[in-house]
Amino acid sequence: MLSLSRIMAILYKELLQLKRDKMTFGMVVMIPLVQLVLFGYAINTNVRDIPVGVVDQARNGLSATLIDMVQATQVVRVTQYYDDIETAEAEIRAARISAVLIIPHDLAARVARSPAIGLESPPTGDRPSARPVAQWVVDGSDTVVAGAIKSLRAMPLTEVLRRPPNAQTPTFETTLLYNPAQRTVVNIVPGLVAVILTMTMVMFTSAAIVREREQGNLEMIINTPVRSMELMLGKIAPFLVIGLLQVALILGLGRLLFSIPFNGSLLTLTLATILFIVASLTLGLVLSTIARTQLQSMQMTIFILLPSILLSGFMFPYEGMPEVAQWIAEALPATHFMRMIRGVVLRDASLLEMYRDALWLTGFCIAGLGIAALRFKKHLD
């Protein structure tokens with residue numbers, strides 16, 4: 001027969017144990033708090049201030065007015081001006097901008113071909129056919145960002161350019177690069193590589209030192225001449241191969257099942273992947289030196305994984321996040337690798353074009369190994 005007193009005794013014991021385990025108690029509070037803040041403030045599908053460039057071939061007051069009106073929509077933010085289209089497309093490939101607005105030499109003539117407000121339009125045969133006043137060249141690999149810029153296609157320029165909306169002739173011509181069909185899976189599958197590697201690599205190594213301690217192997221390691229850095233490197237080496245196999249499996253199945261294009265260099269992808277795997281493994285090692293039990297290491301892994309999924313650009317556009325959320329995202333290895341793998345796989349970007357992300361991951365690897373080695377003590381507490 002069940003005894004209420006014995007149940008209450010066990011309940012009291014569990015509450016005392018939870019009270020002593022400050023790490024678990026902290027995660028009970030922090031995980032829902034972080035989720036609330038991330039979903040409430042950081043996650044925004046209504047994309048604004050998308051970084052774009054401009055190639056202004058007209059270079060007159062009319063083109064300046066057009067640029068001001070485009071920025072007034074708050075959908076895009078002009079961050080750079082380019083002299084030629086080739087340079088602008090290279091910046092799109094390197095993910096420094098998401099699109100470029102190309103204003104042609106004959107902007108004034110194109111505007112003049114449109115019927116003026118309040119005037120009766122002449123017969124079609126008496127005037128040249130209307131054409132879009134300018135062209136957007138957009139990185140189509142991110143379907144949300146591409147959709148936001150495509151929404152400007154029929155943007156009315158009535159007030160200044162005296163061009164009323166025309167259902168047959170849009171204001172802007174739009175060209176989508178890398179994913180013209182706007183298939184969501186093309187953007188998701190390369191990003192999934194970053195998420196899965198973050199989850200598995202951090203999870204495996206976050207329990208590495210803790211497992212040695214719980215199984216009693218730490219005493220034997222203490223009595224060996226193995227140094228802290230040697231132990232850290234030995235711990236991460238096997239998982240490097242596992243990570244590369246995971247990447248090959250995801251991209252291979254993505255190609256087979258969903259016809260995901262692979263436009264980049266295999267060597268570039270391998271180097272970028274190795275950088276990210278080592279960064280994730282070193283992050284797991286740092287967590288492993290902090291956690292006292294494998295349960296704590298698992299909780300800390302979840303605490304890292306949630307922001308990596310939500311803030312890295314995998315589910316929601318990076319450009320749509322508030323500035324504070326972008327700062328947090330920049331501190332996560334997944335954000336940098338997300339740009340790199342999409343750049344290599346979809347846009348044929350080189351490591352040189354993505355040198356900022358590559359340098360950041362390299363610095364994170366060095367710092368993470370150093371911190372893990374310093375925190376690991378070759379003696380029992």
# chains A, B, ... in the order shown; residues from 1 in each chain; ligands from 1
>>> residues_around(residues="Glu353 of chain A", least_positions_apart="6", cutoff="9 Å", atoms="only C-alpha atoms", output="ChimeraX atom specification")
/A:90-91,93-95
>>> atom_distance(atom1="atom CA of Glu86 of chain A", atom2="atom CA of Gly53 of chain A")
12.1 Å
>>> residues_around(residues="Ala207 of chain A", least_positions_apart="6", cutoff="12 Å", atoms="only C-alpha atoms", output="PyMOL selection string")
chain A and resi 200-201+213-215+235-236+281+283-301
>>> write_last_selection(atoms="C-alpha atoms", output="PDB file, in the first residue's frame")
ATOM      1  CA  THR A 200      26.557  16.732 -31.516  1.00  0.00           C
ATOM      2  CA  MET A 201      30.048  18.186 -31.162  1.00  0.00           C
ATOM      3  CA  ARG A 213      35.661  12.182 -13.237  1.00  0.00           C
ATOM      4  CA  GLU A 214      32.454  10.196 -12.650  1.00  0.00           C
ATOM      5  CA  GLN A 215      33.989   6.915 -13.839  1.00  0.00           C
ATOM      6  CA  LYS A 235      39.742  14.467 -26.551  1.00  0.00           C
ATOM      7  CA  ILE A 236      38.655  16.365 -29.656  1.00  0.00           C
ATOM      8  CA  LEU A 281      34.611  20.876 -29.696  1.00  0.00           C
ATOM      9  CA  LEU A 283      33.429  25.088 -26.608  1.00  0.00           C
ATOM     10  CA  GLY A 284      32.268  21.691 -25.349  1.00  0.00           C
ATOM     11  CA  LEU A 285      35.567  21.188 -23.536  1.00  0.00           C
ATOM     12  CA  VAL A 286      35.200  24.533 -21.760  1.00  0.00           C
ATOM     13  CA  LEU A 287      31.711  23.507 -20.637  1.00  0.00           C
ATOM     14  CA  SER A 288      33.119  20.166 -19.532  1.00  0.00           C
ATOM     15  CA  THR A 289      35.579  21.865 -17.199  1.00  0.00           C
ATOM     16  CA  ILE A 290      32.718  23.867 -15.637  1.00  0.00           C
ATOM     17  CA  ALA A 291      30.116  21.110 -15.212  1.00  0.00           C
ATOM     18  CA  ARG A 292      30.282  18.708 -12.275  1.00  0.00           C
ATOM     19  CA  THR A 293      27.947  16.014 -13.623  1.00  0.00           C
ATOM     20  CA  GLN A 294      26.913  14.785 -17.041  1.00  0.00           C
ATOM     21  CA  LEU A 295      23.406  16.113 -16.363  1.00  0.00           C
ATOM     22  CA  GLN A 296      24.854  19.585 -15.874  1.00  0.00           C
ATOM     23  CA  SER A 297      26.886  19.288 -19.054  1.00  0.00           C
ATOM     24  CA  MET A 298      23.716  18.313 -20.955  1.00  0.00           C
ATOM     25  CA  GLN A 299      21.854  21.306 -19.537  1.00  0.00           C
ATOM     26  CA  MET A 300      24.656  23.665 -20.524  1.00  0.00           C
ATOM     27  CA  THR A 301      24.684  22.187 -24.024  1.00  0.00           C
TER      28      THR A 301
END
>>> residues_around(residues="Leu101 of chain A", least_positions_apart="2", cutoff="8 Å", atoms="only C-alpha atoms", output="number ranges by chain")
A: 52-56, 99, 103, 134-137
>>> write_last_selection(atoms="N, CA and C atoms", output="compact mmCIF listing (two decimals), in the first residue's frame")
# COMPACT_ATOMS: atom_id res chain seq x y z
N VAL A 52 22.21 46.50 -48.37
CA VAL A 52 22.27 46.40 -49.83
C VAL A 52 23.30 47.39 -50.35
N GLY A 53 23.70 47.18 -51.59
CA GLY A 53 24.59 48.09 -52.27
C GLY A 53 23.89 48.76 -53.45
N VAL A 54 24.54 49.75 -54.02
CA VAL A 54 23.97 50.49 -55.15
C VAL A 54 25.04 50.67 -56.22
N VAL A 55 24.67 50.39 -57.45
CA VAL A 55 25.49 50.74 -58.62
C VAL A 55 24.71 51.82 -59.36
N ASP A 56 25.12 53.07 -59.15
CA ASP A 56 24.40 54.21 -59.73
C ASP A 56 25.09 54.65 -61.01
N ALA A 99 21.78 42.32 -51.50
CA ALA A 99 21.26 42.68 -52.83
C ALA A 99 21.96 43.94 -53.31
N ILE A 103 20.99 51.14 -61.01
CA ILE A 103 20.26 52.25 -61.63
C ILE A 103 20.90 52.51 -62.98
N ALA A 134 14.69 50.52 -62.70
CA ALA A 134 15.96 50.02 -62.19
C ALA A 134 15.84 48.52 -61.95
N GLN A 135 16.94 47.92 -61.53
CA GLN A 135 16.96 46.47 -61.35
C GLN A 135 17.54 46.11 -59.99
N TRP A 136 16.91 45.16 -59.32
CA TRP A 136 17.46 44.56 -58.10
C TRP A 136 18.11 43.23 -58.47
N VAL A 137 19.36 43.03 -58.04
CA VAL A 137 20.03 41.72 -58.12
C VAL A 137 20.14 41.22 -56.68
>>> residues_around(residues="segment 303-320 of chain A", least_positions_apart="5", cutoff="9 Å", atoms="only C-alpha atoms", output="ChimeraX atom specification")
/A:27,30-31,34-35,38-39,42-51,142,144-145,187-188,191-192,194-195,198-199,202,298,325-326,328-330,332-339
>>> write_last_selection(atoms="N, CA and C atoms", output="compact mmCIF listing (two decimals), in the first residue's frame")
# COMPACT_ATOMS: atom_id res chain seq x y z
N MET A 27 19.52 26.49 -14.40
CA MET A 27 19.03 26.17 -15.73
C MET A 27 17.51 26.12 -15.78
N MET A 30 16.83 29.76 -16.12
CA MET A 30 17.43 30.47 -17.24
C MET A 30 16.90 30.01 -18.60
N ILE A 31 16.67 28.72 -18.79
CA ILE A 31 16.24 28.23 -20.10
C ILE A 31 14.91 28.84 -20.53
N VAL A 34 15.57 32.65 -21.21
CA VAL A 34 16.28 32.90 -22.46
C VAL A 34 15.34 32.71 -23.65
N GLN A 35 14.53 31.65 -23.62
CA GLN A 35 13.59 31.42 -24.71
C GLN A 35 12.59 32.56 -24.83
N LEU A 38 14.45 35.57 -26.34
CA LEU A 38 14.81 35.35 -27.74
C LEU A 38 13.58 35.43 -28.65
N PHE A 39 12.51 34.74 -28.27
CA PHE A 39 11.33 34.75 -29.11
C PHE A 39 10.61 36.09 -29.06
N ALA A 42 14.20 38.98 -30.08
CA ALA A 42 15.18 38.74 -31.15
C ALA A 42 14.56 38.20 -32.42
N ILE A 43 13.49 37.43 -32.29
CA ILE A 43 12.93 36.76 -33.46
C ILE A 43 11.93 37.69 -34.15
N ASN A 44 12.22 37.99 -35.38
CA ASN A 44 11.37 38.93 -36.12
C ASN A 44 11.39 38.54 -37.59
N THR A 45 10.25 38.05 -38.07
CA THR A 45 10.16 37.66 -39.48
C THR A 45 9.85 38.85 -40.38
N ASN A 46 9.53 39.99 -39.78
CA ASN A 46 9.29 41.21 -40.54
C ASN A 46 10.63 41.91 -40.76
N VAL A 47 11.32 41.53 -41.83
CA VAL A 47 12.71 41.92 -42.02
C VAL A 47 12.80 43.40 -42.36
N ARG A 48 13.74 44.07 -41.71
CA ARG A 48 13.98 45.49 -41.95
C ARG A 48 15.49 45.73 -42.05
N ASP A 49 15.84 46.85 -42.68
CA ASP A 49 17.24 47.30 -42.77
C ASP A 49 18.16 46.23 -43.36
N ILE A 50 17.72 45.60 -44.44
CA ILE A 50 18.56 44.62 -45.13
C ILE A 50 19.74 45.36 -45.77
N PRO A 51 20.97 44.95 -45.51
CA PRO A 51 22.13 45.66 -46.10
C PRO A 51 22.21 45.42 -47.61
N ASP A 142 18.61 33.10 -49.37
CA ASP A 142 17.76 33.33 -48.20
C ASP A 142 16.40 33.77 -48.71
N VAL A 144 13.56 34.42 -47.24
CA VAL A 144 12.84 35.47 -46.51
C VAL A 144 13.35 36.84 -46.93
N VAL A 145 14.68 36.99 -46.98
CA VAL A 145 15.27 38.26 -47.40
C VAL A 145 14.91 38.55 -48.86
N ASN A 187 18.04 26.60 -48.79
CA ASN A 187 18.63 27.38 -47.70
C ASN A 187 18.71 26.59 -46.40
N ILE A 188 17.77 25.68 -46.19
CA ILE A 188 17.68 24.95 -44.92
C ILE A 188 18.76 23.89 -44.79
N GLY A 191 22.26 25.01 -43.78
CA GLY A 191 22.18 25.51 -42.41
C GLY A 191 22.01 24.40 -41.40
N LEU A 192 21.36 23.32 -41.81
CA LEU A 192 21.15 22.18 -40.91
C LEU A 192 22.48 21.55 -40.52
N ALA A 194 25.22 23.16 -39.79
CA ALA A 194 25.73 23.92 -38.66
C ALA A 194 24.99 23.56 -37.37
N VAL A 195 23.68 23.38 -37.46
CA VAL A 195 22.89 23.06 -36.26
C VAL A 195 23.25 21.68 -35.72
N THR A 198 26.73 21.63 -34.20
CA THR A 198 26.72 22.30 -32.90
C THR A 198 26.17 21.36 -31.83
N MET A 199 25.06 20.71 -32.12
CA MET A 199 24.42 19.84 -31.15
C MET A 199 25.29 18.65 -30.78
N VAL A 202 29.27 19.74 -29.45
CA VAL A 202 29.28 20.31 -28.09
C VAL A 202 28.80 19.28 -27.08
N MET A 298 24.81 18.37 -20.00
CA MET A 298 23.72 18.31 -20.95
C MET A 298 22.88 19.59 -20.90
N ALA A 325 20.68 41.48 -30.23
CA ALA A 325 20.63 40.06 -30.60
C ALA A 325 21.71 39.72 -31.61
N GLN A 326 22.02 40.65 -32.51
CA GLN A 326 23.09 40.41 -33.49
C GLN A 326 24.45 40.34 -32.80
N ILE A 328 24.97 39.17 -29.78
CA ILE A 328 25.02 37.83 -29.18
C ILE A 328 25.28 36.79 -30.26
N ALA A 329 24.62 36.94 -31.40
CA ALA A 329 24.81 35.99 -32.50
C ALA A 329 26.25 35.96 -32.97
N GLU A 330 26.90 37.12 -33.02
CA GLU A 330 28.29 37.17 -33.49
C GLU A 330 29.24 36.43 -32.56
N LEU A 332 28.61 33.52 -31.29
CA LEU A 332 28.37 32.09 -31.44
C LEU A 332 29.08 31.56 -32.69
N PRO A 333 29.82 30.46 -32.57
CA PRO A 333 30.48 29.88 -33.76
C PRO A 333 29.50 29.51 -34.86
N ALA A 334 28.29 29.10 -34.50
CA ALA A 334 27.31 28.66 -35.50
C ALA A 334 26.96 29.78 -36.48
N THR A 335 26.91 31.02 -36.01
CA THR A 335 26.57 32.14 -36.88
C THR A 335 27.59 32.29 -37.99
N HIS A 336 28.86 32.20 -37.65
CA HIS A 336 29.93 32.38 -38.64
C HIS A 336 29.97 31.20 -39.62
N PHE A 337 29.76 29.98 -39.09
CA PHE A 337 29.79 28.83 -39.99
C PHE A 337 28.56 28.80 -40.89
N MET A 338 27.42 29.31 -40.38
CA MET A 338 26.21 29.37 -41.19
C MET A 338 26.46 30.20 -42.44
N ARG A 339 27.14 31.33 -42.28
CA ARG A 339 27.47 32.15 -43.45
C ARG A 339 28.44 31.42 -44.37
>>> atom_distance(atom1="atom CA of Ala237 of chain A", atom2="atom CA of Val278 of chain A")
8.7 Å
>>> residues_around(residues="Thr282 of chain A", least_positions_apart="3", cutoff="6 Å", atoms="only C-alpha atoms", output="list of chain:residue names")
A:Ala279, A:Leu285, A:Gly368, A:Leu369
>>> write_last_selection(atoms="C-alpha atoms", output="mmCIF file, in the first residue's frame")
data_model
loop_
_atom_site.group_PDB
_atom_site.id
_atom_site.type_symbol
_atom_site.label_atom_id
_atom_site.label_comp_id
_atom_site.auth_asym_id
_atom_site.auth_seq_id
_atom_site.Cartn_x
_atom_site.Cartn_y
_atom_site.Cartn_z
ATOM 1 C CA ALA A 279 35.513 25.543 -32.454
ATOM 2 C CA LEU A 285 35.567 21.188 -23.536
ATOM 3 C CA GLY A 368 38.828 27.876 -26.346
ATOM 4 C CA LEU A 369 41.672 25.354 -26.178
#
>>> residues_around(residues="Asn263 of chain A", least_positions_apart="5", cutoff="9 Å", atoms="only C-alpha atoms", output="list in words")
Val344, Val345, Leu346, Arg347, Asp348 and Ala349 of chain A
>>> closest_residue(among="A:Val324, A:Val226, A:Leu176, A:Ile67", to="Lys150 of chain A", atoms="only C-alpha atoms")
A:Leu176
>>> select_by_dssp(residues="segment 147-330 of chain A", states="helix (DSSP H, G or I)", output="ChimeraX atom specification")
/A:147-150,158-161,184-206,208-214,218-222,228-258,266-290,294-311,318-320,323-330
>>> closest_residue(among="A:Ala108, A:Leu177, A:Ile97, A:Ile341", to="Leu266 of chain A", atoms="only C-alpha atoms")
A:Ile341
>>> closest_residue(among="A:Ile92, A:Thr171, A:Ala154, A:Ala331", to="Met354 of chain A", atoms="only C-alpha atoms")
A:Ile92
>>> atom_distance(atom1="atom CA of Leu62 of chain A", atom2="atom CA of Thr174 of chain A")
20.2 Å
>>> closest_residue(among="A:Val76, A:Val133, A:Val29, A:Met69", to="Pro104 of chain A", atoms="only C-alpha atoms")
A:Val133
>>> select_by_dssp(residues="segment 1-103 of chain A", states="strand (DSSP E)", output="count of residues only")
18
